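K.L.:
Structure: start.txt, compact mmCIF, C-alpha atoms.
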```txt
# COMPACT_ATOMS: atom_id res chain seq x y z
CA MET A 1 101.98 75.73 -4.36
CA ALA A 2 101.14 72.05 -4.71
CA LEU A 3 99.73 70.55 -1.53
CA THR A 4 102.06 68.73 0.84
CA ARG A 5 101.22 65.22 1.95
CA GLU A 6 100.02 66.64 5.26
CA GLN A 7 97.78 69.19 3.53
CA MET A 8 96.30 66.45 1.37
CA ALA A 9 95.50 64.49 4.51
CA GLN A 10 93.97 67.60 6.09
CA ARG A 11 91.78 68.21 3.07
CA VAL A 12 90.53 64.63 2.98
CA ALA A 13 89.78 64.80 6.71
CA ARG A 14 87.21 67.52 5.98
CA GLU A 15 85.11 64.88 4.24
CA LEU A 16 84.78 62.88 7.46
CA GLU A 17 81.42 62.94 9.20
CA ASP A 18 80.52 62.13 12.77
CA GLY A 19 79.72 58.41 13.02
CA PHE A 20 81.59 57.36 9.87
CA TYR A 21 83.29 53.97 9.56
CA VAL A 22 86.39 54.67 7.48
CA ASN A 23 89.06 52.54 5.82
CA LEU A 24 92.34 54.35 5.19
CA GLY A 25 94.90 52.90 2.78
CA ILE A 26 98.65 53.02 3.12
CA GLY A 27 100.55 56.29 2.60
CA ILE A 28 98.80 59.66 2.55
CA PRO A 29 95.44 58.08 3.50
CA THR A 30 97.00 56.85 6.76
CA LEU A 31 97.91 60.44 7.64
CA VAL A 32 94.23 61.41 7.53
CA ALA A 33 93.88 59.85 11.00
CA ASN A 34 96.04 62.71 12.35
CA TYR A 35 93.55 65.36 11.21
CA ILE A 36 90.17 64.09 12.37
CA PRO A 37 88.29 67.29 13.28
CA ASP A 38 87.42 67.95 16.93
CA GLY A 39 83.94 66.87 17.92
CA ILE A 40 83.80 64.19 15.24
CA ASP A 41 84.01 60.52 16.11
CA VAL A 42 85.05 58.07 13.39
CA MET A 43 85.89 54.36 13.60
CA LEU A 44 88.85 53.27 11.51
CA GLN A 45 88.54 49.88 9.85
CA SER A 46 91.68 47.89 9.23
CA GLU A 47 90.98 45.06 6.82
CA ASN A 48 93.03 42.45 8.65
CA GLY A 49 90.13 42.40 11.11
CA LEU A 50 89.97 45.45 13.35
CA LEU A 51 87.21 48.04 13.59
CA GLY A 52 88.27 50.84 15.91
CA MET A 53 91.99 51.14 15.27
CA GLY A 54 93.73 53.28 17.86
CA ARG A 55 97.08 55.03 17.97
CA TYR A 56 100.45 53.30 17.78
CA PRO A 57 101.39 51.51 21.02
CA THR A 58 103.97 52.70 23.54
CA GLU A 59 107.03 50.47 23.89
CA GLU A 60 105.29 48.71 26.78
CA GLU A 61 102.08 48.19 24.81
CA VAL A 62 103.69 46.68 21.72
CA ASP A 63 101.97 43.35 21.04
CA PRO A 64 102.78 41.09 18.08
CA ASP A 65 99.13 39.94 18.00
CA MET A 66 97.90 43.51 17.45
CA ILE A 67 98.68 44.90 14.02
CA ASN A 68 96.98 46.90 11.27
CA ALA A 69 96.60 46.13 7.57
CA GLY A 70 100.01 47.71 6.94
CA LYS A 71 101.44 45.12 9.40
CA GLU A 72 102.36 47.90 11.83
CA THR A 73 101.86 47.39 15.55
CA VAL A 74 98.77 49.32 16.71
CA THR A 75 96.28 49.51 19.54
CA ALA A 76 92.52 49.12 19.65
CA ARG A 77 90.47 52.06 20.91
CA PRO A 78 87.59 51.76 23.37
CA GLY A 79 84.61 50.45 21.43
CA ALA A 80 86.74 48.46 19.00
CA ALA A 81 85.82 45.05 17.62
CA ILE A 82 88.08 42.31 16.24
CA PHE A 83 86.96 39.64 13.79
CA ASN A 84 88.17 37.27 11.08
CA SER A 85 89.13 38.21 7.52
CA ALA A 86 85.88 36.99 5.90
CA GLU A 87 83.87 39.11 8.33
CA SER A 88 86.14 42.06 7.60
CA PHE A 89 85.54 41.80 3.87
CA ALA A 90 81.83 41.23 4.41
CA MET A 91 81.83 44.74 5.88
CA ILE A 92 83.82 46.05 2.95
CA ARG A 93 82.09 44.28 0.04
CA GLY A 94 78.71 44.62 1.68
CA GLY A 95 78.94 48.40 1.52
CA HIS A 96 78.99 48.95 5.30
CA VAL A 97 82.10 51.13 5.28
CA ASP A 98 81.11 54.80 4.88
CA LEU A 99 84.32 56.11 3.35
CA THR A 100 87.41 54.57 1.81
CA VAL A 101 90.54 56.58 1.10
CA LEU A 102 93.27 55.05 -1.02
CA GLY A 103 96.13 55.94 -3.32
CA ALA A 104 96.29 55.35 -7.08
CA PHE A 105 98.70 55.42 -10.02
CA GLU A 106 95.96 56.52 -12.44
CA VAL A 107 92.25 57.29 -12.45
CA ASP A 108 90.09 58.07 -15.45
CA GLN A 109 87.01 60.09 -16.30
CA ASN A 110 84.81 56.99 -16.02
CA GLY A 111 85.87 56.29 -12.45
CA ASN A 112 88.26 53.48 -13.28
CA ILE A 113 91.27 53.13 -11.01
CA ALA A 114 94.71 51.55 -11.52
CA SER A 115 96.71 51.20 -8.33
CA TRP A 116 98.27 47.78 -8.02
CA MET A 117 100.51 46.79 -10.91
CA ILE A 118 102.91 48.30 -13.38
CA PRO A 119 103.70 45.77 -16.12
CA GLY A 120 107.40 44.98 -16.23
CA LYS A 121 107.91 45.90 -12.61
CA LEU A 122 107.76 43.49 -9.71
CA ILE A 123 104.15 42.85 -8.78
CA LYS A 124 103.54 42.40 -5.08
CA GLY A 125 99.78 42.08 -5.16
CA MET A 126 96.55 43.93 -4.62
CA GLY A 127 96.02 43.07 -0.97
CA GLY A 128 92.53 44.28 -0.11
CA ALA A 129 92.38 47.14 -2.63
CA MET A 130 90.19 45.38 -5.21
CA ASP A 131 87.64 44.44 -2.56
CA LEU A 132 87.69 47.97 -1.16
CA VAL A 133 87.02 49.67 -4.48
CA ALA A 134 84.38 47.10 -5.43
CA GLY A 135 82.54 47.50 -2.15
CA ALA A 136 82.62 51.15 -1.17
CA GLU A 137 80.21 53.66 -2.64
CA ASN A 138 82.21 56.52 -1.28
CA ILE A 139 85.86 56.50 -2.28
CA ILE A 140 88.41 59.29 -2.33
CA CYS A 141 91.60 58.69 -4.27
CA THR A 142 94.68 60.56 -3.16
CA MET A 143 97.45 60.91 -5.71
CA THR A 144 99.77 63.34 -7.42
CA HIS A 145 98.11 65.04 -10.37
CA ALA A 146 100.97 64.34 -12.77
CA SER A 147 104.14 62.26 -12.84
CA LYS A 148 107.57 63.77 -12.22
CA HIS A 149 107.86 64.06 -15.99
CA GLY A 150 104.64 66.06 -16.15
CA GLU A 151 102.44 63.30 -17.54
CA SER A 152 98.87 63.48 -16.30
CA LYS A 153 97.55 60.71 -14.08
CA LEU A 154 93.94 61.85 -14.58
CA LEU A 155 93.17 60.22 -17.86
CA GLU A 156 90.51 59.64 -20.48
CA SER A 157 91.13 55.95 -19.98
CA CYS A 158 93.56 54.21 -17.61
CA ASN A 159 96.63 52.73 -19.30
CA LEU A 160 97.63 50.41 -16.46
CA PRO A 161 95.74 47.25 -15.46
CA LEU A 162 92.70 48.20 -13.39
CA THR A 163 92.05 47.69 -9.71
CA GLY A 164 88.37 48.41 -10.22
CA ALA A 165 86.01 49.63 -12.91
CA GLY A 166 83.70 52.64 -12.60
CA CYS A 167 84.08 52.91 -8.84
CA ILE A 168 85.87 56.18 -8.05
CA ASN A 169 83.81 59.33 -7.54
CA ARG A 170 86.25 61.72 -5.89
CA VAL A 171 89.93 62.50 -6.34
CA LEU A 172 92.23 64.69 -4.31
CA THR A 173 95.51 65.46 -6.01
CA ASP A 174 98.31 67.75 -4.91
CA LEU A 175 96.76 70.37 -7.22
CA ALA A 176 93.00 69.97 -7.02
CA TYR A 177 89.92 68.38 -5.57
CA LEU A 178 87.70 66.86 -8.24
CA GLU A 179 84.56 64.82 -8.61
CA ILE A 180 83.99 62.21 -11.29
CA LYS A 181 80.55 61.90 -12.81
CA ASP A 182 78.88 61.51 -16.20
CA GLY A 183 82.17 60.58 -17.86
CA ALA A 184 84.16 63.64 -16.80
CA PHE A 185 86.26 65.13 -14.05
CA HIS A 186 84.62 68.15 -12.40
CA LEU A 187 87.00 70.66 -10.84
CA LYS A 188 85.73 71.61 -7.38
CA GLU A 189 88.67 73.24 -5.62
CA ARG A 190 92.23 74.17 -6.44
CA ALA A 191 95.34 74.12 -4.26
CA PRO A 192 96.48 77.54 -2.98
CA GLY A 193 98.21 79.47 -5.74
CA ILE A 194 97.47 76.88 -8.43
CA SER A 195 95.50 78.27 -11.35
CA ALA A 196 92.62 76.51 -13.05
CA GLU A 197 94.66 76.81 -16.27
CA GLU A 198 97.50 74.75 -14.79
CA ILE A 199 95.02 72.07 -13.70
CA VAL A 200 93.47 72.02 -17.16
CA GLU A 201 96.92 71.64 -18.68
CA LYS A 202 97.80 68.71 -16.40
CA THR A 203 94.51 66.84 -16.79
CA ALA A 204 94.43 64.54 -19.80
CA GLY A 205 90.86 63.34 -19.24
CA LYS A 206 87.73 65.37 -19.93
CA LEU A 207 87.58 68.16 -17.35
CA ILE A 208 84.65 70.43 -16.56
CA VAL A 209 85.75 73.74 -15.05
CA PRO A 210 83.10 76.01 -13.54
CA ASP A 211 83.41 79.81 -13.79
CA HIS A 212 84.53 80.09 -10.23
CA VAL A 213 86.84 77.49 -8.64
CA PRO A 214 87.42 78.14 -4.94
CA GLU A 215 90.92 77.91 -3.54
CA MET A 216 91.56 75.57 -0.61
CA THR A 217 92.60 77.22 2.62
CA PHE A 218 94.73 75.74 5.36
CA GLU A 219 95.43 76.93 8.87
CA VAL A 220 99.12 77.45 9.44
CA MET B 1 93.89 9.88 19.99
CA ALA B 2 90.63 8.63 21.41
CA GLY B 3 87.14 9.96 20.84
CA PHE B 4 87.02 13.72 21.17
CA ASP B 5 90.52 14.09 22.60
CA LYS B 6 92.30 15.77 19.71
CA ARG B 7 95.57 16.51 21.46
CA VAL B 8 98.83 15.39 19.92
CA TYR B 9 102.17 15.76 21.64
CA SER B 10 104.72 16.13 18.89
CA TYR B 11 104.85 18.21 15.74
CA GLU B 12 105.72 15.04 13.87
CA ASP B 13 102.32 13.60 14.87
CA ALA B 14 100.64 16.95 14.20
CA MET B 15 101.61 16.90 10.52
CA ASP B 16 101.34 13.14 10.03
CA GLY B 17 100.08 12.31 6.56
CA ILE B 18 101.27 15.39 4.69
CA GLU B 19 102.69 14.46 1.31
CA SER B 20 104.23 16.11 -1.70
CA GLY B 21 101.71 17.59 -4.12
CA MET B 22 99.14 18.41 -1.46
CA THR B 23 97.20 21.65 -0.95
CA VAL B 24 97.81 23.44 2.35
CA ILE B 25 95.71 26.31 3.66
CA ALA B 26 97.47 28.50 6.19
CA GLY B 27 96.15 31.08 8.63
CA GLY B 28 97.98 34.32 9.40
CA PHE B 29 98.33 37.86 8.09
CA GLY B 30 101.90 38.94 7.48
CA LEU B 31 103.72 37.31 10.39
CA CYS B 32 100.78 37.83 12.76
CA GLY B 33 99.02 34.65 13.86
CA ILE B 34 101.01 32.29 11.65
CA PRO B 35 101.33 28.60 12.56
CA GLU B 36 105.07 28.96 12.81
CA ASN B 37 105.89 25.54 14.28
CA LEU B 38 103.63 23.65 11.86
CA ILE B 39 105.38 25.43 8.99
CA ALA B 40 108.76 24.49 10.46
CA GLU B 41 107.60 20.86 10.62
CA ILE B 42 106.61 20.95 6.93
CA LYS B 43 110.10 22.23 6.19
CA ARG B 44 111.65 19.45 8.26
CA ARG B 45 109.70 16.82 6.36
CA GLY B 46 110.92 18.15 3.01
CA VAL B 47 107.63 17.53 1.16
CA LYS B 48 107.57 19.30 -2.19
CA ASP B 49 105.29 20.59 -4.90
CA LEU B 50 102.85 22.07 -2.39
CA THR B 51 100.00 24.36 -3.35
CA VAL B 52 99.58 26.92 -0.59
CA TYR B 53 96.70 29.29 0.16
CA SER B 54 97.88 32.05 2.46
CA ASN B 55 97.49 35.82 2.46
CA ASN B 56 101.29 36.28 2.41
CA CYS B 57 104.40 34.14 2.10
CA GLY B 58 106.36 35.06 5.22
CA VAL B 59 109.78 36.68 5.17
CA ASP B 60 113.26 35.35 4.46
CA GLY B 61 113.96 32.65 7.02
CA PHE B 62 110.64 32.80 8.88
CA GLY B 63 107.07 31.68 8.38
CA LEU B 64 106.24 30.36 4.92
CA GLY B 65 109.51 31.91 3.76
CA LEU B 66 111.13 28.82 5.27
CA LEU B 67 109.44 26.60 2.69
CA LEU B 68 110.99 28.60 -0.15
CA GLU B 69 114.52 27.64 0.89
CA ASP B 70 114.15 24.08 -0.41
CA ARG B 71 111.60 25.03 -3.07
CA GLN B 72 108.76 23.18 -1.37
CA ILE B 73 106.02 25.47 -2.70
CA SER B 74 105.24 25.23 -6.40
CA ARG B 75 102.10 27.36 -6.38
CA ILE B 76 100.70 29.96 -3.98
CA PHE B 77 97.40 31.80 -3.85
CA ALA B 78 98.06 35.04 -1.95
CA SER B 79 97.01 38.68 -1.96
CA TYR B 80 100.36 40.25 -1.24
CA VAL B 81 103.83 38.78 -1.62
CA GLY B 82 107.39 39.83 -2.16
CA GLU B 83 108.38 40.91 1.36
CA ASN B 84 111.22 38.42 0.91
CA ALA B 85 114.12 38.39 -1.52
CA LEU B 86 113.98 34.62 -2.05
CA PHE B 87 110.33 34.85 -3.06
CA GLU B 88 111.03 37.59 -5.59
CA GLN B 89 113.86 35.59 -7.07
CA GLN B 90 111.77 32.41 -7.41
CA MET B 91 108.89 34.39 -8.88
CA LEU B 92 111.14 36.06 -11.47
CA ASN B 93 112.69 32.67 -12.35
CA ASP B 94 109.23 31.10 -12.71
CA GLU B 95 110.14 28.59 -10.00
CA ILE B 96 106.96 29.40 -8.13
CA GLU B 97 103.56 30.10 -9.62
CA VAL B 98 101.82 33.00 -7.92
CA VAL B 99 98.07 33.36 -8.26
CA LEU B 100 97.45 36.83 -6.91
CA THR B 101 94.04 36.80 -5.28
CA PRO B 102 92.20 39.77 -3.75
CA GLN B 103 92.30 39.51 0.03
CA GLY B 104 88.54 39.34 0.51
CA THR B 105 88.21 36.79 -2.28
CA LEU B 106 90.91 34.66 -0.66
CA ALA B 107 89.10 34.80 2.69
CA GLU B 108 85.78 33.94 1.02
CA LYS B 109 87.35 31.01 -0.90
CA MET B 110 88.24 29.50 2.48
CA ARG B 111 84.96 30.40 4.18
CA ALA B 112 82.83 29.07 1.33
CA GLY B 113 85.03 26.00 0.85
CA GLY B 114 84.62 25.08 4.49
CA ALA B 115 80.88 25.74 4.27
CA GLY B 116 80.33 23.41 1.31
CA ILE B 117 79.77 26.15 -1.23
CA PRO B 118 81.92 25.38 -4.28
CA ALA B 119 81.94 28.85 -5.85
CA PHE B 120 80.53 32.34 -5.38
CA TYR B 121 79.97 35.57 -7.28
CA THR B 122 81.81 38.71 -6.24
CA ALA B 123 82.13 42.18 -7.73
CA THR B 124 85.77 42.23 -6.65
CA GLY B 125 88.05 42.04 -9.66
CA TYR B 126 85.40 42.58 -12.33
CA GLY B 127 86.91 44.58 -15.20
CA THR B 128 90.45 43.88 -13.99
CA PRO B 129 93.05 41.26 -14.95
CA ILE B 130 91.72 39.13 -12.06
CA GLY B 131 88.37 38.81 -13.79
CA GLU B 132 89.77 37.71 -17.14
CA GLY B 133 88.50 34.32 -18.27
CA LYS B 134 86.05 34.05 -15.39
CA GLU B 135 82.31 33.69 -15.78
CA VAL B 136 80.48 37.02 -15.44
CA ARG B 137 76.88 37.44 -14.36
CA GLU B 138 74.78 40.50 -13.80
CA PHE B 139 72.64 40.84 -10.69
CA ASN B 140 70.56 43.96 -10.06
CA GLY B 141 72.47 45.88 -12.72
CA ARG B 142 75.97 45.08 -11.41
CA HIS B 143 78.58 42.73 -12.77
CA TYR B 144 80.05 39.92 -10.73
CA ILE B 145 82.67 37.27 -11.44
CA LEU B 146 82.53 33.62 -10.42
CA GLU B 147 85.29 32.56 -8.03
CA GLU B 148 85.88 28.98 -6.95
CA SER B 149 86.21 28.02 -3.31
CA VAL B 150 88.97 25.91 -1.82
CA VAL B 151 89.23 22.86 0.37
CA GLY B 152 92.75 21.88 1.36
CA ASP B 153 94.29 18.53 2.16
CA PHE B 154 95.63 20.20 5.28
CA ALA B 155 94.77 23.43 7.07
CA ILE B 156 97.39 24.78 9.45
CA VAL B 157 96.11 27.19 12.06
CA LYS B 158 97.48 29.24 14.96
CA GLY B 159 95.14 29.76 17.92
CA TRP B 160 95.55 31.24 21.37
CA LYS B 161 93.78 28.75 23.61
CA ALA B 162 92.02 25.49 22.94
CA ASP B 163 90.59 22.60 24.87
CA ARG B 164 91.06 18.93 24.07
CA TYR B 165 87.79 18.94 22.13
CA GLY B 166 89.39 21.25 19.61
CA ASN B 167 87.41 24.36 20.53
CA VAL B 168 89.66 27.33 19.76
CA VAL B 169 89.83 31.02 20.59
CA TYR B 170 92.15 33.49 18.92
CA ARG B 171 93.81 36.55 20.39
CA ASP B 172 93.41 40.06 18.95
CA THR B 173 94.25 40.49 15.27
CA ALA B 174 96.08 37.14 15.26
CA GLN B 175 92.63 35.83 14.39
CA ASN B 176 92.65 37.04 10.73
CA PHE B 177 92.45 34.07 8.32
CA ASN B 178 92.84 31.37 10.99
CA PRO B 179 89.18 30.51 11.71
CA LEU B 180 88.49 30.40 7.95
CA ALA B 181 91.43 28.12 7.25
CA ALA B 182 90.28 25.91 10.12
CA THR B 183 86.99 25.18 8.37
CA ALA B 184 88.58 24.38 5.01
CA GLY B 185 91.02 21.55 5.71
CA ARG B 186 90.30 17.86 5.18
CA ILE B 187 92.72 17.57 8.08
CA THR B 188 92.83 20.69 10.25
CA VAL B 189 95.74 21.06 12.64
CA VAL B 190 95.68 23.84 15.22
CA GLU B 191 98.65 24.86 17.32
CA VAL B 192 97.95 27.00 20.37
CA GLU B 193 99.77 28.71 23.17
CA GLU B 194 97.80 26.91 25.85
CA ILE B 195 95.55 23.89 26.07
CA VAL B 196 93.04 24.44 28.86
CA GLU B 197 90.61 22.15 30.64
CA PRO B 198 87.19 21.65 29.02
CA GLY B 199 84.80 24.22 30.44
CA GLU B 200 87.41 26.96 30.83
CA LEU B 201 86.54 28.42 27.44
CA LYS B 202 83.05 29.92 27.50
CA PRO B 203 80.90 28.14 24.90
CA ASP B 204 79.53 31.43 23.57
CA GLN B 205 83.02 32.81 23.00
CA ILE B 206 84.47 29.95 20.96
CA HIS B 207 85.71 31.21 17.58
CA THR B 208 86.32 27.77 16.04
CA PRO B 209 84.07 24.98 17.30
CA GLY B 210 85.91 21.68 17.69
CA ILE B 211 83.96 19.97 14.92
CA TYR B 212 86.31 21.58 12.38
CA VAL B 213 89.47 20.53 14.18
CA ASP B 214 91.30 17.21 13.89
CA ARG B 215 94.47 17.79 15.88
CA ILE B 216 95.49 20.20 18.62
CA ILE B 217 99.03 20.80 19.81
CA GLN B 218 100.46 23.18 22.38
CA GLY B 219 103.59 25.01 21.31
CA THR B 220 105.84 27.94 22.03
CA PHE B 221 106.01 30.85 19.62
CA GLU B 222 108.53 33.44 18.58
CA LYS B 223 105.81 35.83 17.28
CA ARG B 224 108.14 37.95 15.23
CA ILE B 225 107.00 41.54 14.59
CA GLU B 226 107.22 42.70 10.97
CA LYS B 227 106.88 46.47 11.48
CA ARG B 228 107.37 47.70 15.01
CA THR B 229 105.76 51.12 15.16
CA VAL B 230 105.48 53.01 18.45
CA HIS B 231 103.73 56.10 19.71
CA GLN B 232 106.09 58.93 20.50
CA GLY B 233 105.38 61.12 23.51
```
Here is the file; what I need is its structure written in the form of structure tokens.

P.N.:
Amino acid sequence: MALTREQMAQRVARELEDGFYVNLGIGIPTLVANYIPDGIDVMLQSENGLLGMGRYPTEEEVDPDMINAGKETVTARPGAAIFNSAESFAMIRGGHVDLTVLGAFEVDQNGNIASWMIPGKLIKGMGGAMDLVAGAENIICTMTHASKHGESKLLESCNLPLTGAGCINRVLTDLAYLEIKDGAFHLKERAPGISAEEIVEKTAGKLIVPDHVPEMTFEV
Amino acid sequence: MAGFDKRVYSYEDAMDGIESGMTVIAGGFGLCGIPENLIAEIKRRGVKDLTVYSNNCGVDGFGLGLLLEDRQISRIFASYVGENALFEQQMLNDEIEVVLTPQGTLAEKMRAGGAGIPAFYTATGYGTPIGEGKEVREFNGRHYILEESVVGDFAIVKGWKADRYGNVVYRDTAQNFNPLAATAGRITVVEVEEIVEPGELKPDQIHTPGIYVDRIIQGTFEKRIEKRTVHQG
């Protein structure tokens, strides 16, 4: 079975380490916050200027001056800091954020990512995504492995306009966990019940498959 | 207005001197921390052909979205737009020029502009459509593109508290682009929720020192919430 959105978030959460500063993009990456392992403390960075994002507020706590990068009302956790947008992107571009998780339309075997525009469709903008991919050394892309029509999104070379060049080193799809290095995807883990053959078939870019590919496990 | 007393008492005085064709830098992220009354005053004045630097362009009927109704903005530098139907329509009809700008680059354009640095190199956007046509230089084995800074004819800013000297503090994430915009206006206008007596704001907690600020006005704010999300249980 392909991973659910929640399982994808759970799998990404296993990459968190105690003491990490983490920026989570919109969508599946946001769900990662629900699966931070016990005993691990991470600080979530929200690029509108909040380090130490907390849970959503109760009705009584809702405050229009307190939002996250997705413009949702949030709270700040104990130990949080708030700052201006230039400071926020100094953290991001300066490589101070330990892990960035974001979605993508396409990635390719050279670590290029396309996530912000589809020509011919309405373009809303890149927000902070270009700064995030340019600044972070440690990025995990979450995405579906192939389109609804079965076309691979893990390519030899991105077709869509790029968000960043040569910046992605890890990808979690609904079918597999892969690393990108030396101009190829490297299959590291497969989703439960998904064969390496299926992943090979749905990966258009160069893919290195080791003899043994472990299957991900999830607690029910 | 005498000496260091930067208070003005009407929005008409606050935006005195704004003209068609000017560049306006606005603070705010989404609808959070936007100078909503200063924007409304720009609408009232009907000035046109404005170039606006702002992370977003408001929503239909509120924030910078108000300035779309009479087509007052001809060009906008923003990182994320299209939360409003009118904006989409004007963009598709080529009635407004949109220069999509990465959020960190937009912030740095304001910061550097206010700091007297005319341009800067950033890795953001290299190898993407944003980098096309821009000067590229390599430093320590990495590629960077040259981005130009901005200084506006006006900067419009929303603060929390200020004193008559123009020292400003912001509240929570309503800070966002506001202190950066404040540095980058030839005329910087700050509207706040409360003007307090000098000395009430601790000098070491001032976000925007008064030297950047030309006019201060106290207003009342709707503070509309764009996405109300609450914790269940």

K.L.:
What residues in chain A lie within 9 Å of chain B, counting only C-alpha atoms, written as a VMD selection string?

P.N.:
chain A and resid 47 to 50 55 to 59 61 to 74 82 to 90 92 to 93 122 to 135 161 to 165

K.L.:
Record the distance separating CA of Gly166 in chain B and CA of Gly152 in chain B, expressed in Å with one decimal.

P.N.:
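Taking CA of Gly166 in chain B and CA of Gly152 in chain B, their separation equals 18.6 Å.
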
K.L.:
Could you tell me which of A:Ala2, A:Leu16, A:Met117, A:Ala196 comes closest to Leu160 in chain A if we count only C-alpha atoms?

P.N.:
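Among the listed residues, A:Met117 lies closest to Leu160 in chain A.
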
K.L.:
For Gly159 in chain B, work out the shell of residues within 7 Å, counting only C-alpha atoms and skipping chain neighbours fewer than 4 positions away, then give it as a PyMOL selection string.

P.N.:
chain B and resi 168-170+190-192

K.L.:
Would you mind reading off the distance between CA of Gly54 in chain A and CA of Thr144 in chain A, one decimal, in Å?

P.N.:
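If I compute the distance from CA of Gly54 in chain A to CA of Thr144 in chain A, I get 27.9 Å.
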
K.L.:
How many Å lie between CA of Pro192 in chain A and CA of Asp108 in chain A, rounded to one decimal?

P.N.:
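Spanning CA of Pro192 in chain A to CA of Asp108 in chain A is a straight-line distance of 24.0 Å.
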